[in-house]
Amino acid sequence: MFDTSWRLQRITFYPLKSGAGVPIETVRLEAEGLTGDRRMMVVDETGNCLTARKAPRLMQIRTHVDGDDIILSAPGMLPLVFSRARLDVARNVTIWGDDVVALDAGERVHQWLTRFLDRFCRMVIKGAVTHRPLAIGPGGTVSFADTAPLLLTNSASLAEINRYLDVEAEMERFRPNLVINGAPAFDEDGWSSCAYRRCGVRGHRGV
């Protein structure tokens with residue numbers, strides 16, 4: 001039976017993979033996860049996904065979506081506005097071994113990102129031609145998240161982990177879409193056998 005003491009503590013979506021998260025109160029859930037979550041991605045000169053693991057400054061980039069307009073901002077940089085409605089150049093890119101086709105965000109975005117990250121990179125955006133099969137379940141698709149449409153963590157699990165760390169880890173390090181409060185530590189490890197499996201919820205990282 002579902003425990004009514006469990007609560008959804010926090011909802012966050014990440015417009016740009018490895019970029020700053022956006023806390024929200026309500027959100028629409030789609031087959032590929034929260035609306036707008038990880039629909040943009042930065043790639044290196046070979047077209048491979050570039051995340052904060054190799055480019056930590058990505059986490060300082062804030063992305064605001066206003067209709068078709070996308071606004072990028074970062075410390076020390078003038079904001080950059082571009083329209084995804086005008087993107088028409090398709091680019092082959094790779095994310096964790098998956099080859100996908102995405103829309104290139106253009107030269108102005110390329111120059112802005114390259115200057116801020118101090119390395120060659122480009123941004124791509126999920127478009128109508130972008131299709132990435134869901135590896136953990138048949139028939140589903142996923143955006144640019146690591147493994148699953150939704151990434152869930154449990155506040156009690158983090159508290160238990162922090163008991164063994166000299167420096168406590170913050171929840172933001174795991175970049176979850178959903179944070180649950182009130183459930184026992186690591187109880188979420190067994191939730192894959194219920195409805196959460198069908199919607200692709202996992203406690204995996206989603207940089």
# chains A, B, ... in the order shown; residues from 1 in each chain; ligands from 1

call {"tool": "select_by_dssp", "arguments": {"residues": "chain A", "states": "helix (DSSP H, G or I)", "output": "VMD selection string"}}
result
chain A and resid 56 to 60 84 to 86 107 to 117 155 to 162 171 to 174 187 to 193 195 to 198

call {"tool": "write_last_selection", "arguments": {"atoms": "N, CA and C atoms", "output": "CSV table (one decimal), in the first residue's frame"}}
result
chain,number,residue,atom,x,y,z
A,56,PRO,N,33.1,21.4,-16.5
A,56,PRO,CA,32.3,21.8,-15.3
A,56,PRO,C,31.5,23.1,-15.4
A,57,ARG,N,32.1,24.1,-16.2
A,57,ARG,CA,31.4,25.4,-16.3
A,57,ARG,C,30.1,25.3,-17.0
A,58,LEU,N,29.8,24.2,-17.6
A,58,LEU,CA,28.4,24.0,-18.2
A,58,LEU,C,27.4,24.2,-17.1
A,59,MET,N,27.6,23.9,-15.9
A,59,MET,CA,26.6,23.9,-14.8
A,59,MET,C,26.3,25.4,-14.5
A,60,GLN,N,27.1,26.3,-15.0
A,60,GLN,CA,26.8,27.8,-14.7
A,60,GLN,C,26.0,28.4,-15.8
A,84,ARG,N,14.7,28.8,-31.9
A,84,ARG,CA,14.8,27.5,-32.4
A,84,ARG,C,13.9,27.3,-33.6
A,85,ALA,N,13.0,28.2,-33.8
A,85,ALA,CA,12.1,28.1,-35.0
A,85,ALA,C,12.9,28.2,-36.3
A,86,ARG,N,14.0,28.9,-36.2
A,86,ARG,CA,14.8,29.1,-37.4
A,86,ARG,C,15.9,28.1,-37.7
A,107,GLU,N,25.9,29.4,-35.5
A,107,GLU,CA,27.2,29.9,-35.3
A,107,GLU,C,27.3,30.8,-34.1
A,108,ARG,N,26.3,31.7,-33.9
A,108,ARG,CA,26.3,32.6,-32.8
A,108,ARG,C,26.4,31.8,-31.4
A,109,VAL,N,25.6,30.8,-31.3
A,109,VAL,CA,25.6,30.0,-30.1
A,109,VAL,C,27.0,29.2,-30.0
A,110,HIS,N,27.5,28.7,-31.1
A,110,HIS,CA,28.8,28.1,-31.1
A,110,HIS,C,29.9,29.0,-30.5
A,111,GLN,N,29.9,30.2,-31.0
A,111,GLN,CA,30.9,31.2,-30.6
A,111,GLN,C,30.8,31.5,-29.1
A,112,TRP,N,29.5,31.7,-28.7
A,112,TRP,CA,29.2,32.1,-27.3
A,112,TRP,C,29.7,31.0,-26.3
A,113,LEU,N,29.3,29.7,-26.7
A,113,LEU,CA,29.7,28.6,-25.8
A,113,LEU,C,31.2,28.3,-25.8
A,114,THR,N,31.8,28.4,-27.0
A,114,THR,CA,33.2,28.2,-27.1
A,114,THR,C,34.0,29.2,-26.3
A,115,ARG,N,33.6,30.5,-26.3
A,115,ARG,CA,34.2,31.5,-25.5
A,115,ARG,C,34.1,31.2,-24.0
A,116,PHE,N,32.9,30.8,-23.6
A,116,PHE,CA,32.6,30.6,-22.1
A,116,PHE,C,33.3,29.4,-21.6
A,117,LEU,N,33.3,28.3,-22.4
A,117,LEU,CA,33.8,27.0,-22.0
A,117,LEU,C,35.3,26.9,-22.3
A,155,SER,N,15.5,11.9,-0.4
A,155,SER,CA,16.3,12.7,0.5
A,155,SER,C,16.9,11.8,1.6
A,156,ALA,N,16.2,10.8,2.0
A,156,ALA,CA,16.7,9.9,3.1
A,156,ALA,C,17.9,9.1,2.6
A,157,SER,N,17.9,8.8,1.4
A,157,SER,CA,19.1,8.0,0.8
A,157,SER,C,20.3,8.9,0.8
A,158,LEU,N,20.1,10.2,0.4
A,158,LEU,CA,21.3,11.1,0.5
A,158,LEU,C,21.8,11.3,1.9
A,159,ALA,N,20.9,11.5,2.8
A,159,ALA,CA,21.3,11.6,4.2
A,159,ALA,C,22.1,10.4,4.7
A,160,GLU,N,21.7,9.3,4.3
A,160,GLU,CA,22.4,8.0,4.7
A,160,GLU,C,23.8,8.0,4.1
A,161,ILE,N,23.9,8.4,2.8
A,161,ILE,CA,25.2,8.4,2.2
A,161,ILE,C,26.1,9.4,2.9
A,162,ASN,N,25.6,10.6,3.2
A,162,ASN,CA,26.4,11.6,3.8
A,162,ASN,C,26.9,11.3,5.2
A,171,MET,N,22.2,17.6,-2.8
A,171,MET,CA,21.2,16.9,-3.7
A,171,MET,C,21.5,17.3,-5.2
A,172,GLU,N,21.8,18.6,-5.4
A,172,GLU,CA,22.0,19.1,-6.7
A,172,GLU,C,23.1,18.3,-7.5
A,173,ARG,N,24.0,17.7,-6.8
A,173,ARG,CA,25.0,17.0,-7.5
A,173,ARG,C,24.5,15.8,-8.3
A,174,PHE,N,23.4,15.3,-7.9
A,174,PHE,CA,22.7,14.2,-8.6
A,174,PHE,C,21.8,14.6,-9.7
A,187,ASP,N,14.8,3.0,-0.3
A,187,ASP,CA,13.5,2.2,-0.6
A,187,ASP,C,13.2,2.3,-2.1
A,188,GLU,N,13.7,3.4,-2.7
A,188,GLU,CA,13.4,3.6,-4.1
A,188,GLU,C,14.1,2.5,-5.0
A,189,ASP,N,15.1,1.8,-4.5
A,189,ASP,CA,15.8,0.8,-5.2
A,189,ASP,C,14.8,-0.4,-5.6
A,190,GLY,N,13.7,-0.5,-4.9
A,190,GLY,CA,12.8,-1.6,-5.2
A,190,GLY,C,11.6,-1.1,-5.9
A,191,TRP,N,11.5,0.1,-6.2
A,191,TRP,CA,10.3,0.6,-6.9
A,191,TRP,C,10.3,0.3,-8.4
A,192,SER,N,11.3,-0.3,-8.9
A,192,SER,CA,11.4,-0.6,-10.4
A,192,SER,C,10.4,-1.7,-10.7
A,193,SER,N,9.9,-2.4,-9.8
A,193,SER,CA,9.0,-3.5,-10.1
A,193,SER,C,7.5,-3.1,-10.2
A,195,ALA,N,4.8,0.6,-11.0
A,195,ALA,CA,4.5,1.5,-12.1
A,195,ALA,C,5.6,2.3,-12.5
A,196,TYR,N,6.6,2.6,-11.6
A,196,TYR,CA,7.7,3.4,-11.9
A,196,TYR,C,8.5,2.8,-13.1
A,197,ARG,N,8.6,1.5,-13.2
A,197,ARG,CA,9.3,0.9,-14.3
A,197,ARG,C,8.6,1.3,-15.7
A,198,ARG,N,7.3,1.3,-15.7
A,198,ARG,CA,6.6,1.6,-17.0
A,198,ARG,C,6.9,3.1,-17.4

call {"tool": "atom_distance", "arguments": {"atom1": "CA of Arg62 (chain A)", "atom2": "CA of Arg175 (chain A)"}}
result
14.3 Å

call {"tool": "residues_around", "arguments": {"residues": "Val65 (chain A)", "least_positions_apart": "3", "cutoff": "12 Å", "atoms": "only C-alpha atoms", "output": "list in words"}}
result
Phe13, Tyr14, Pro15, Leu16, Val22, Thr35, Gly36, Asp37, Arg39, Met40, Arg62, Asp68, Asp69, Ile70, Ile71, Leu72, Ser73, Leu80, Val81, Phe82, Ser83 and Arg84 of chain A

call {"tool": "atom_distance", "arguments": {"atom1": "CA of Arg7 (chain A)", "atom2": "CA of Gly182 (chain A)"}}
result
6.2 Å

call {"tool": "residues_around", "arguments": {"residues": "Asp44 (chain A)", "least_positions_apart": "2", "cutoff": "10 Å", "atoms": "only C-alpha atoms", "output": "ChimeraX atom specification"}}
result
/A:42,46-51,93-94,114,119-123

call {"tool": "residues_around", "arguments": {"residues": "region 128-134 of chain A", "least_positions_apart": "4", "cutoff": "12 Å", "atoms": "only C-alpha atoms", "output": "ChimeraX atom specification"}}
result
/A:31-33,39-40,84-85,87-104,124,138-150,197-201

call {"tool": "residues_around", "arguments": {"residues": "Leu8 (chain A)", "least_positions_apart": "3", "cutoff": "7 Å", "atoms": "only C-alpha atoms", "output": "short mmCIF file (atom, residue, chain, number, x, y, z; two decimals) with C-alpha atoms, in the first residue's frame"}}
result
data_model
loop_
_atom_site.label_atom_id
_atom_site.label_comp_id
_atom_site.auth_asym_id
_atom_site.auth_seq_id
_atom_site.Cartn_x
_atom_site.Cartn_y
_atom_site.Cartn_z
CA LEU A 178 12.05 14.53 -8.65
CA VAL A 179 13.09 14.43 -4.99
CA ILE A 180 11.01 12.28 -2.64
CA ASN A 181 10.77 12.94 1.09
#

call {"tool": "closest_residue", "arguments": {"among": "A:Leu29, A:Ile11, A:Ala20, A:Ile61", "to": "Leu152 (chain A)", "atoms": "only C-alpha atoms"}}
result
A:Ile11

call {"tool": "select_by_dssp", "arguments": {"residues": "region 20-182 of chain A", "states": "strand (DSSP E or B)", "output": "PyMOL selection string"}}
result
chain A and resi 22-24+29-30+33-34+40-43+48-50+62-66+69-73+80-83+90-95+98-104+122-125+133+141+150-154+178-181

call {"tool": "atom_distance", "arguments": {"atom1": "CA of Pro79 (chain A)", "atom2": "CA of Ile125 (chain A)"}}
result
18.4 Å

call {"tool": "closest_residue", "arguments": {"among": "A:Asn177, A:Thr26, A:Ser5, A:Thr153", "to": "Arg38 (chain A)", "atoms": "only C-alpha atoms"}}
result
A:Asn177
